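Source file: model-v1.pdb. Holds: PDB, C-alpha atoms.
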```
ATOM      1  CA  MET G   1      63.159 -20.748  61.031
ATOM      2  CA  ASN G   2      59.670 -21.306  62.393
ATOM      3  CA  GLN G   3      57.207 -18.444  61.880
ATOM      4  CA  HIS G   4      54.400 -18.133  64.379
ATOM      5  CA  ARG G   5      51.217 -16.491  63.145
ATOM      6  CA  ILE G   6      49.571 -14.317  65.760
ATOM      7  CA  THR G   7      46.084 -15.572  66.604
ATOM      8  CA  PRO G   8      43.008 -13.347  66.326
ATOM      9  CA  LEU G   9      42.394 -13.648  70.066
ATOM     10  CA  THR G  10      45.932 -12.558  70.897
ATOM     11  CA  GLU G  11      45.818  -9.631  68.516
ATOM     12  CA  SER G  12      42.421  -8.638  69.883
ATOM     13  CA  GLY G  13      43.863  -8.608  73.393
ATOM     14  CA  LEU G  14      46.806  -6.446  72.338
ATOM     15  CA  LEU G  15      44.649  -3.946  70.471
ATOM     16  CA  THR G  16      42.120  -3.840  73.309
ATOM     17  CA  ALA G  17      44.962  -3.036  75.693
ATOM     18  CA  LEU G  18      46.047  -0.282  73.305
ATOM     19  CA  SER G  19      42.502   1.144  73.403
ATOM     20  CA  VAL G  20      42.617   1.220  77.204
ATOM     21  CA  VAL G  21      46.011   2.951  77.171
ATOM     22  CA  LEU G  22      44.732   5.579  74.736
ATOM     23  CA  ALA G  23      41.691   6.179  76.930
ATOM     24  CA  LEU G  24      43.813   6.571  80.071
ATOM     25  CA  ALA G  25      46.180   8.915  78.242
ATOM     26  CA  ALA G  26      43.211  11.017  77.113
ATOM     27  CA  VAL G  27      42.045  11.313  80.733
ATOM     28  CA  TYR G  28      45.357  11.943  82.485
ATOM     29  CA  LEU G  29      47.241  13.985  79.871
ATOM     30  CA  PRO G  30      45.432  17.340  79.874
ATOM     31  CA  LEU G  31      47.458  18.995  77.115
ATOM     32  CA  VAL G  32      47.408  16.238  74.510
ATOM     33  CA  GLY G  33      44.452  14.226  75.775
ATOM     34  CA  PHE G  34      42.079  15.629  73.183
ATOM     35  CA  LEU G  35      44.428  14.618  70.368
ATOM     36  CA  VAL G  36      45.029  11.158  71.843
ATOM     37  CA  VAL G  37      41.335  10.366  72.188
ATOM     38  CA  LEU G  38      40.891  10.998  68.452
ATOM     39  CA  LEU G  39      42.997   7.883  67.862
ATOM     40  CA  TRP G  40      40.764   5.670  70.025
ATOM     41  CA  PRO G  41      38.819   4.141  67.072
ATOM     42  CA  LEU G  42      42.058   3.062  65.356
ATOM     43  CA  PRO G  43      42.440  -0.354  67.089
ATOM     44  CA  LEU G  44      38.794  -1.130  66.303
ATOM     45  CA  VAL G  45      39.349  -0.350  62.618
ATOM     46  CA  VAL G  46      42.323  -2.704  62.453
ATOM     47  CA  LEU G  47      40.514  -5.492  64.300
ATOM     48  CA  VAL G  48      37.397  -5.376  62.130
ATOM     49  CA  VAL G  49      39.438  -5.377  58.919
ATOM     50  CA  ARG G  50      41.740  -8.208  59.986
ATOM     51  CA  HIS G  51      39.366 -10.452  61.952
ATOM     52  CA  GLY G  52      35.778  -9.347  61.424
ATOM     53  CA  LEU G  53      32.982  -7.398  63.037
ATOM     54  CA  ARG G  54      32.654  -9.668  66.062
ATOM     55  CA  TYR G  55      36.196  -9.029  67.266
ATOM     56  CA  GLY G  56      35.810  -5.270  66.867
ATOM     57  CA  VAL G  57      32.592  -5.148  68.874
ATOM     58  CA  MET G  58      34.042  -7.387  71.600
ATOM     59  CA  ALA G  59      37.155  -5.209  71.836
ATOM     60  CA  ALA G  60      35.042  -2.057  72.214
ATOM     61  CA  VAL G  61      32.961  -3.659  74.980
ATOM     62  CA  VAL G  62      35.964  -5.056  76.861
ATOM     63  CA  ALA G  63      37.898  -1.797  76.562
ATOM     64  CA  GLY G  64      34.869   0.094  77.873
ATOM     65  CA  LEU G  65      34.561  -2.246  80.868
ATOM     66  CA  LEU G  66      38.256  -1.921  81.726
ATOM     67  CA  VAL G  67      38.220   1.866  81.425
ATOM     68  CA  GLY G  68      35.066   1.942  83.553
ATOM     69  CA  MET G  69      36.790  -0.030  86.305
ATOM     70  CA  LEU G  70      39.972   2.050  86.139
ATOM     71  CA  VAL G  71      38.452   5.511  85.745
ATOM     72  CA  GLU G  72      34.660   5.989  85.729
ATOM     73  CA  PRO G  73      31.809   3.929  84.225
ATOM     74  CA  LEU G  74      29.959   6.924  82.777
ATOM     75  CA  LEU G  75      33.109   8.248  81.136
ATOM     76  CA  ALA G  76      33.882   4.825  79.668
ATOM     77  CA  LEU G  77      30.372   4.445  78.263
ATOM     78  CA  ARG G  78      30.513   7.900  76.706
ATOM     79  CA  LEU G  79      33.868   7.050  75.159
ATOM     80  CA  VAL G  80      32.561   3.839  73.620
ATOM     81  CA  LEU G  81      29.397   5.497  72.313
ATOM     82  CA  ALA G  82      31.192   8.544  70.936
ATOM     83  CA  PHE G  83      34.081   6.826  69.157
ATOM     84  CA  GLY G  84      33.196   3.141  68.859
ATOM     85  CA  PRO G  85      30.619   3.368  66.033
ATOM     86  CA  ALA G  86      32.967   5.314  63.747
ATOM     87  CA  GLY G  87      35.802   2.809  64.193
ATOM     88  CA  ILE G  88      33.604  -0.238  63.692
ATOM     89  CA  VAL G  89      31.774   1.173  60.655
ATOM     90  CA  LEU G  90      35.019   2.312  59.013
ATOM     91  CA  GLY G  91      36.629  -1.080  59.592
ATOM     92  CA  LEU G  92      33.596  -2.829  58.138
ATOM     93  CA  ALA G  93      33.645  -0.533  55.079
ATOM     94  CA  PHE G  94      37.347  -1.209  54.503
ATOM     95  CA  ARG G  95      36.800  -4.944  54.957
ATOM     96  CA  ARG G  96      34.024  -5.012  52.356
ATOM     97  CA  GLY G  97      36.081  -2.958  49.902
ATOM     98  CA  VAL G  98      33.608  -0.158  49.279
ATOM     99  CA  SER G  99      34.768   3.047  47.637
ATOM    100  CA  GLY G 100      36.679   5.636  49.625
ATOM    101  CA  VAL G 101      33.870   8.184  49.415
ATOM    102  CA  ALA G 102      31.269   5.655  50.586
ATOM    103  CA  ALA G 103      33.523   4.518  53.439
ATOM    104  CA  PHE G 104      34.067   8.090  54.577
ATOM    105  CA  GLY G 105      30.366   8.927  54.300
ATOM    106  CA  ALA G 106      29.379   5.927  56.413
ATOM    107  CA  THR G 107      32.056   6.811  58.966
ATOM    108  CA  LEU G 108      30.831  10.393  59.133
ATOM    109  CA  ALA G 109      27.250   9.262  59.758
ATOM    110  CA  ALA G 110      28.427   6.865  62.494
ATOM    111  CA  ALA G 111      30.592   9.551  64.103
ATOM    112  CA  ILE G 112      27.700  12.035  64.226
ATOM    113  CA  ALA G 113      25.372   9.382  65.636
ATOM    114  CA  GLY G 114      27.983   8.510  68.257
ATOM    115  CA  GLN G 115      28.275  12.119  69.393
ATOM    116  CA  VAL G 116      24.500  12.441  69.667
ATOM    117  CA  MET G 117      24.247   9.218  71.715
ATOM    118  CA  ALA G 118      27.034  10.340  74.063
ATOM    119  CA  VAL G 119      25.372  13.699  74.715
ATOM    120  CA  LEU G 120      21.943  12.094  75.196
ATOM    121  CA  LEU G 121      23.470   9.648  77.674
ATOM    122  CA  LEU G 122      25.037  12.459  79.701
ATOM    123  CA  LEU G 123      21.789  14.406  79.567
ATOM    124  CA  ALA G 124      19.761  11.398  80.733
ATOM    125  CA  VAL G 125      22.093  10.511  83.629
ATOM    126  CA  THR G 126      23.128  13.934  84.915
ATOM    127  CA  ASN G 127      20.424  16.171  83.414
ATOM    128  CA  ILE G 128      23.251  18.390  82.153
ATOM    129  CA  ASN G 129      23.582  19.412  78.538
ATOM    130  CA  PRO G 130      27.334  19.859  77.931
ATOM    131  CA  LEU G 131      26.700  22.284  75.081
ATOM    132  CA  THR G 132      24.511  24.647  77.101
ATOM    133  CA  ALA G 133      26.925  24.238  80.003
ATOM    134  CA  GLN G 134      29.727  25.606  77.834
ATOM    135  CA  VAL G 135      27.545  28.570  76.877
ATOM    136  CA  ASP G 136      26.823  29.221  80.561
ATOM    137  CA  ILE G 137      30.555  29.192  81.281
ATOM    138  CA  LEU G 138      31.110  31.730  78.518
ATOM    139  CA  GLN G 139      28.290  33.868  79.873
ATOM    140  CA  SER G 140      29.838  33.830  83.359
ATOM    141  CA  SER G 141      33.253  34.810  82.009
ATOM    142  CA  PHE G 142      31.725  37.697  80.051
ATOM    143  CA  ASP G 143      29.858  38.900  83.154
ATOM    144  CA  THR G 144      33.145  38.994  85.054
ATOM    145  CA  SER G 145      34.750  40.935  82.198
ATOM    146  CA  PHE G 146      31.884  43.444  82.203
ATOM    147  CA  LYS G 147      32.496  44.166  85.885
ATOM    148  CA  LEU G 148      36.159  44.826  85.154
ATOM    149  CA  TYR G 149      35.253  47.129  82.262
ATOM    150  CA  ALA G 150      32.841  49.047  84.506
ATOM    151  CA  ASP G 151      35.552  49.470  87.153
ATOM    152  CA  MET G 152      37.919  50.727  84.450
ATOM    153  CA  GLY G 153      35.493  53.516  83.557
ATOM    154  CA  MET G 154      33.665  52.214  80.476
ATOM    155  CA  SER G 155      30.458  54.128  79.938
ATOM    156  CA  GLU G 156      27.098  52.554  80.639
ATOM    157  CA  GLU G 157      26.054  52.986  77.017
ATOM    158  CA  GLN G 158      29.099  51.095  75.734
ATOM    159  CA  LEU G 159      28.562  48.323  78.278
ATOM    160  CA  THR G 160      24.921  47.963  77.289
ATOM    161  CA  GLN G 161      25.780  47.747  73.593
ATOM    162  CA  THR G 162      28.577  45.245  74.221
ATOM    163  CA  LYS G 163      26.309  43.085  76.380
ATOM    164  CA  ALA G 164      23.632  43.099  73.683
ATOM    165  CA  ASP G 165      26.123  42.073  70.991
ATOM    166  CA  ILE G 166      27.576  39.255  73.087
ATOM    167  CA  GLN G 167      24.138  38.045  74.122
ATOM    168  CA  GLN G 168      23.102  37.917  70.473
ATOM    169  CA  GLY G 169      26.242  35.958  69.644
ATOM    170  CA  LEU G 170      25.624  33.446  72.440
ATOM    171  CA  GLN G 171      22.024  33.046  71.316
ATOM    172  CA  MET G 172      23.241  32.396  67.784
ATOM    173  CA  LEU G 173      25.656  29.814  69.171
ATOM    174  CA  THR G 174      22.825  27.923  70.840
ATOM    175  CA  TYR G 175      20.963  27.888  67.523
ATOM    176  CA  LEU G 176      23.973  26.227  65.869
ATOM    177  CA  PHE G 177      24.161  23.250  68.243
ATOM    178  CA  PRO G 178      23.120  20.760  65.503
ATOM    179  CA  LEU G 179      25.960  22.030  63.323
ATOM    180  CA  VAL G 180      28.367  21.435  66.216
ATOM    181  CA  PHE G 181      27.506  17.715  66.098
ATOM    182  CA  ILE G 182      28.116  17.623  62.343
ATOM    183  CA  LEU G 183      31.467  19.412  62.496
ATOM    184  CA  THR G 184      32.633  17.353  65.474
ATOM    185  CA  GLY G 185      31.655  14.151  63.702
ATOM    186  CA  LEU G 186      33.466  15.404  60.597
ATOM    187  CA  LEU G 187      36.656  15.909  62.602
ATOM    188  CA  TYR G 188      36.454  12.417  64.112
ATOM    189  CA  ALA G 189      35.703  10.841  60.726
ATOM    190  CA  VAL G 190      38.631  12.600  59.028
ATOM    191  CA  VAL G 191      41.089  11.502  61.722
ATOM    192  CA  ALA G 192      39.756   7.925  61.773
ATOM    193  CA  TYR G 193      39.884   7.601  57.982
ATOM    194  CA  ALA G 194      43.340   9.153  57.633
ATOM    195  CA  THR G 195      44.993   7.180  60.433
ATOM    196  CA  GLY G 196      43.122   3.939  59.741
ATOM    197  CA  SER G 197      43.953   3.854  56.037
ATOM    198  CA  ARG G 198      47.597   4.693  56.680
ATOM    199  CA  VAL G 199      48.052   2.004  59.345
ATOM    200  CA  LEU G 200      46.275  -0.641  57.287
ATOM    201  CA  ARG G 201      48.435   0.091  54.256
ATOM    202  CA  ARG G 202      51.515  -0.282  56.443
ATOM    203  CA  LEU G 203      50.148  -3.666  57.534
ATOM    204  CA  GLY G 204      49.816  -4.777  53.918
ATOM    205  CA  HIS G 205      46.076  -4.311  53.388
ATOM    206  CA  ASP G 206      44.535  -2.779  50.304
ATOM    207  CA  VAL G 207      42.194  -0.006  51.373
ATOM    208  CA  PRO G 208      40.071   2.183  49.082
ATOM    209  CA  GLN G 209      41.756   5.417  48.095
ATOM    210  CA  PHE G 210      40.071   8.777  48.502
ATOM    211  CA  PRO G 211      39.930  10.822  45.273
ATOM    212  CA  PRO G 212      42.668  13.433  44.813
ATOM    213  CA  PHE G 213      41.828  16.877  46.166
ATOM    214  CA  ALA G 214      41.553  18.348  42.681
ATOM    215  CA  GLU G 215      38.767  15.861  41.840
ATOM    216  CA  TRP G 216      36.544  16.533  44.826
ATOM    217  CA  ARG G 217      33.002  17.391  43.790
ATOM    218  CA  LEU G 218      30.266  17.906  46.358
ATOM    219  CA  PRO G 219      26.653  17.139  45.413
ATOM    220  CA  GLN G 220      24.341  19.821  44.044
ATOM    221  CA  ALA G 221      22.106  19.234  47.058
ATOM    222  CA  PHE G 222      24.172  21.797  48.975
ATOM    223  CA  LEU G 223      23.203  24.482  46.454
ATOM    224  CA  TYR G 224      19.525  23.674  46.887
ATOM    225  CA  LEU G 225      20.031  23.523  50.646
ATOM    226  CA  PHE G 226      21.447  27.035  50.510
ATOM    227  CA  GLY G 227      18.371  28.278  48.632
ATOM    228  CA  PHE G 228      16.041  26.606  51.138
ATOM    229  CA  ALA G 229      18.014  28.143  53.996
ATOM    230  CA  LEU G 230      17.630  31.668  52.626
ATOM    231  CA  VAL G 231      13.870  31.250  52.312
ATOM    232  CA  GLY G 232      13.645  29.646  55.751
ATOM    233  CA  LEU G 233      15.680  32.424  57.367
ATOM    234  CA  TYR G 234      13.366  35.036  55.873
ATOM    235  CA  TRP G 235      10.148  33.279  56.849
ATOM    236  CA  GLY G 236      11.398  32.213  60.262
ATOM    237  CA  GLY G 237      12.768  35.671  61.075
ATOM    238  CA  THR G 238       9.837  37.744  59.853
ATOM    239  CA  ARG G 239       7.114  35.469  61.232
ATOM    240  CA  GLN G 240       8.842  34.539  64.496
ATOM    241  CA  ILE G 241       8.966  30.811  63.668
ATOM    242  CA  THR G 242      11.902  29.884  65.885
ATOM    243  CA  LEU G 243      12.235  26.241  64.857
ATOM    244  CA  LEU G 244      12.257  27.100  61.146
ATOM    245  CA  TYR G 245      14.814  29.836  61.783
ATOM    246  CA  GLU G 246      17.124  27.477  63.702
ATOM    247  CA  ILE G 247      16.921  24.759  61.040
ATOM    248  CA  SER G 248      17.519  27.271  58.256
ATOM    249  CA  LEU G 249      20.452  28.870  60.074
ATOM    250  CA  ASN G 250      22.212  25.515  60.468
ATOM    251  CA  ALA G 251      21.448  24.622  56.851
ATOM    252  CA  ASN G 252      22.785  27.977  55.673
ATOM    253  CA  VAL G 253      26.096  27.666  57.516
ATOM    254  CA  LEU G 254      26.508  24.036  56.410
ATOM    255  CA  ALA G 255      25.871  24.940  52.757
ATOM    256  CA  ILE G 256      28.313  27.866  52.929
ATOM    257  CA  LEU G 257      31.027  25.639  54.412
ATOM    258  CA  ALA G 258      30.440  23.101  51.641
ATOM    259  CA  GLY G 259      30.612  25.862  49.052
ATOM    260  CA  LEU G 260      33.828  27.158  50.586
ATOM    261  CA  LEU G 261      35.403  23.720  50.297
ATOM    262  CA  GLN G 262      34.280  23.375  46.683
ATOM    263  CA  GLY G 263      35.521  26.873  45.937
ATOM    264  CA  VAL G 264      38.947  26.141  47.406
ATOM    265  CA  VAL G 265      39.156  23.033  45.228
ATOM    266  CA  LEU G 266      38.362  25.170  42.194
ATOM    267  CA  VAL G 267      41.030  27.707  43.175
ATOM    268  CA  HIS G 268      43.500  24.857  43.704
ATOM    269  CA  CYS G 269      42.856  23.540  40.192
ATOM    270  CA  LEU G 270      43.316  26.989  38.654
ATOM    271  CA  LEU G 271      46.554  27.630  40.516
ATOM    272  CA  ARG G 272      47.881  24.238  39.532
ATOM    273  CA  HIS G 273      46.865  24.759  35.909
ATOM    274  CA  TYR G 274      48.874  27.986  35.744
ATOM    275  CA  ASN G 275      51.834  26.359  37.535
ATOM    276  CA  VAL G 276      51.755  28.661  40.551
ATOM    277  CA  ASN G 277      54.449  27.597  43.005
ATOM    278  CA  ILE G 278      53.459  25.952  46.275
ATOM    279  CA  PRO G 279      54.430  28.794  48.681
ATOM    280  CA  LEU G 280      52.284  31.230  46.716
ATOM    281  CA  ARG G 281      49.411  28.731  46.678
ATOM    282  CA  ILE G 282      49.576  28.436  50.445
ATOM    283  CA  ALA G 283      49.547  32.219  50.742
ATOM    284  CA  VAL G 284      46.418  32.367  48.552
ATOM    285  CA  TYR G 285      44.641  29.743  50.672
ATOM    286  CA  VAL G 286      45.525  31.559  53.897
ATOM    287  CA  PHE G 287      44.360  34.845  52.406
ATOM    288  CA  ILE G 288      41.022  33.286  51.443
ATOM    289  CA  PHE G 289      40.360  31.931  54.922
ATOM    290  CA  MET G 290      41.586  35.061  56.699
ATOM    291  CA  THR G 291      39.504  37.491  54.620
ATOM    292  CA  PRO G 292      35.751  37.152  55.336
ATOM    293  CA  PHE G 293      34.662  38.837  52.104
ATOM    294  CA  LEU G 294      36.971  36.723  49.953
ATOM    295  CA  ALA G 295      35.892  33.575  51.805
ATOM    296  CA  GLN G 296      32.263  34.433  51.115
ATOM    297  CA  VAL G 297      32.963  35.021  47.417
ATOM    298  CA  THR G 298      34.826  31.712  47.244
ATOM    299  CA  ALA G 299      31.921  29.937  48.947
ATOM    300  CA  MET G 300      29.368  31.405  46.529
ATOM    301  CA  THR G 301      31.579  30.433  43.600
ATOM    302  CA  GLY G 302      31.875  26.921  44.979
ATOM    303  CA  LEU G 303      28.102  26.589  45.311
ATOM    304  CA  ILE G 304      27.617  27.694  41.709
ATOM    305  CA  ASP G 305      30.400  25.336  40.613
ATOM    306  CA  MET G 306      28.357  22.435  41.981
ATOM    307  CA  LEU G 307      25.822  23.174  39.276
ATOM    308  CA  PHE G 308      27.957  24.277  36.307
ATOM    309  CA  ASP G 309      31.194  22.339  36.999
ATOM    310  CA  TYR G 310      33.641  24.991  35.848
ATOM    311  CA  ARG G 311      36.570  22.555  35.991
ATOM    312  CA  ARG G 312      35.022  20.280  33.383
ATOM    313  CA  ARG G 313      34.208  23.235  31.143
ATOM    314  CA  PHE G 314      37.678  24.693  31.606
ATOM    315  CA  SER G 315      39.398  21.407  30.785
ATOM    316  CA  ALA G 316      37.172  20.866  27.734
ATOM    317  CA  ARG G 317      38.016  24.354  26.445
ATOM    318  CA  GLY G 318      41.720  23.673  27.001
ATOM    319  CA  LYS G 319      41.544  20.494  24.890
ATOM    320  CA  LYS G 320      40.009  22.455  22.013
TER
END
```

Translate the structure described by the file into structure tokens.
Amino acid sequence: MNQHRITPLTESGLLTALSVVLALAAVYLPLVGFLVVLLWPLPLVVLVVRHGLRYGVMAAVVAGLLVGMLVEPLLALRLVLAFGPAGIVLGLAFRRGVSGVAAFGATLAAAIAGQVMAVLLLLAVTNINPLTAQVDILQSSFDTSFKLYADMGMSEEQLTQTKADIQQGLQMLTYLFPLVFILTGLLYAVVAYATGSRVLRRLGHDVPQFPPFAEWRLPQAFLYLFGFALVGLYWGGTRQITLLYEISLNANVLAILAGLLQGVVLVHCLLRHYNVNIPLRIAVYVFIFMTPFLAQVTAMTGLIDMLFDYRRRFSARGKK
């Protein structure tokens, strides 16, 4: 039997068509469109790994042109800028055989850069910041709710206090815009890495493995970042230095989230060491995330663990 090897150009055409289909599904399927668009970098990852950087870049450009002709040029350009860099960088990292952590880190940086470029493009063309637009929508919805509460007989004092609390929350949300880019890029990088590595393994490629969850160790820089953030919050708040306060607030939340992740890893190792069954482990994790005080304690423990490495000390004591 004759076996016909698919050519790079043919495979590029098929995967480019798949990118266009995913983009159209993201536009015209309102309920699952957000989930579908997360898979858009996947064809680019496969192309770069199998045929090189040139084919991945060409596929992204061609897919963007086709989506622009079928839907809207600005939307297509935003799609390519937001998701293309992550797919191309991840494919290049897999192709070069770098470690799993390095591949994920590069993908995360590319995903964040892509989100920033997409927002800057929209801001330059339409003069509309999508982040502040979302805050304005929330503000409008709250104003409508306040009118309903007033009609229902809520006292003026309660309305004033509620308005002040919500206004403070919205102001805090605007301060955290840089963190929104980081968390959004993190989501895109996680989905791209998980789906890309799985598909490539199914296609017979060796891709770098990410370390097991129990071996995750975040750098000590997050602990120092947390200390800087506390000082910056104090100085920025007491001396009305808005820029310093905003930077410190984002750094503080980022460090706490990193500490929470490290703390959960530590809890996971302890539960596994004492042979706690899986349903009870899940209950413990849910309880941590659902209880603010316990989540904060776990985050602080995780930050300290970055410095002292309790798992290494615990395992060394167990060997003795």

Starting from 6 Å padding per side, set up an axis-aligned box that covers all listed atoms of segment 171-188 of chain G and hand over centre and edge lengths in Å, one decimal, as lines of an AutoDock Vina configuration file.
```
center_x = 28.8
center_y = 22.7
center_z = 66.0
size_x = 27.7
size_y = 32.6
size_z = 22.7
```

Got a sec: who's within 9 Å of segment 41-43 of chain G, counting all atoms listed in the file, leaving out chain neighbours fewer than 6 positions off, as a list in words?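 My reading of the contact set: Ser12, Leu15, Thr16, Leu18, Ser19, Gly56, Ala59, Ala60, Phe83, Gly84, Pro85, Ala86, Gly87, Ile88, Gly91, Ala192, Tyr193, Thr195, Gly196 and Val199 of chain G.
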
Show me, as a list in words, the residues that have an atom within 10 Å of Asp305 of chain G when counting all atoms listed in the file, minus same-chain residues fewer than 2 positions from it. Arg217, Leu218, Gln220, Leu223, Gly259, Gln262, Gly263, Leu266, Ala299, Met300, Thr301, Gly302, Leu303, Leu307, Phe308, Asp309, Tyr310, Arg311 and Arg312 of chain G

Counting only C-alpha atoms, which of G:Gly185, G:Gly169, G:Gly204, G:Pro130 gets nearest to Ala110 of chain G? G:Gly185

Measuring atom to atom with all atoms listed in the file, identify which of G:Gln209, G:Asn250, G:Ile128, G:Gln240 is nearest to Pro178 of chain G.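 Among G:Gln209, G:Asn250, G:Ile128, G:Gln240, it is G:Asn250 that comes nearest to Pro178 of chain G.
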
Name the residues captured by the PyMOL selection byres ((chain G and resi 231-233) around 9) when it is applied to the shown file; answer as a PyMOL selection string. chain G and resi 226-230+234-238+244-249+252

Interatomic distance (Å, one decimal) between atom CA of Lys163 of chain G and atom CA of Ala295 of chain G: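 Between atom CA of Lys163 of chain G and atom CA of Ala295 of chain G the gap works out to 28.0 Å.
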
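Taking atom CA of Thr298 of chain G as the reference point, atom CA of Leu271 of chain G is found at 14.1 Å.
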
Polymer residues at most 12 Å from Leu92 of chain G, only C-alpha atoms, same-chain spacing of 5 or more positions, as a PyMOL selection string: chain G and resi 44-57+85-87+97-98+102-104+106-107+110+196+207

Excluding Ala17 of chain G and any residue of its chain fewer than 5 positions from it, enumerate the residues within 12 Å of it, using all atoms listed in the file, and give them as a ChimeraX atom specification. /G:10-12,22-24,40,43-44,59-60,62-67

Within 12 Å of segment 286-290 of chain G, which residues of segment 184-272 of chain G show up? Give each one with its shortest atom-to-atom distance in Å (one decimal) and the two atoms involved, counting all atoms listed in the file, rows by chain then rising residue number, as CSV.
```
residue,atom,partner,partner_atom,distance
G:Leu257,CA,G:Phe289,CA,11.3
G:Leu260,CA,G:Phe289,CA,9.2
G:Leu261,CA,G:Phe289,CA,10.6
G:Gly263,CA,G:Ile288,CA,10.1
G:Val264,CA,G:Ile288,CA,8.5
G:Val267,CA,G:Ile288,CA,10.0
G:His268,CA,G:Ile288,CA,11.7
```

What does the distance from atom CA of Ala164 of chain G to atom CA of Ile241 of chain G come to in Å, to one decimal? 21.6 Å

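Minimum atom-to-atom distances from G:Val191, G:Ile182, G:Ile166, G:Leu90 to Val37 of chain G were compared using only C-alpha atoms, and the lowest value belongs to G:Val191.
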
Mind telling me what the PyMOL selection byres ((chain G and resi 115) around 8) catches here, as number ranges by chain? G: 81-83, 111-114, 116-119, 181, 184-185

I need the residue nearest Leu225 of chain G from this list: G:Gly33, G:Leu120, G:Leu176, G:Ile256. Use only C-alpha atoms for the distance.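 Checking each candidate against Leu225 of chain G, we get G:Ile256 as the closest.
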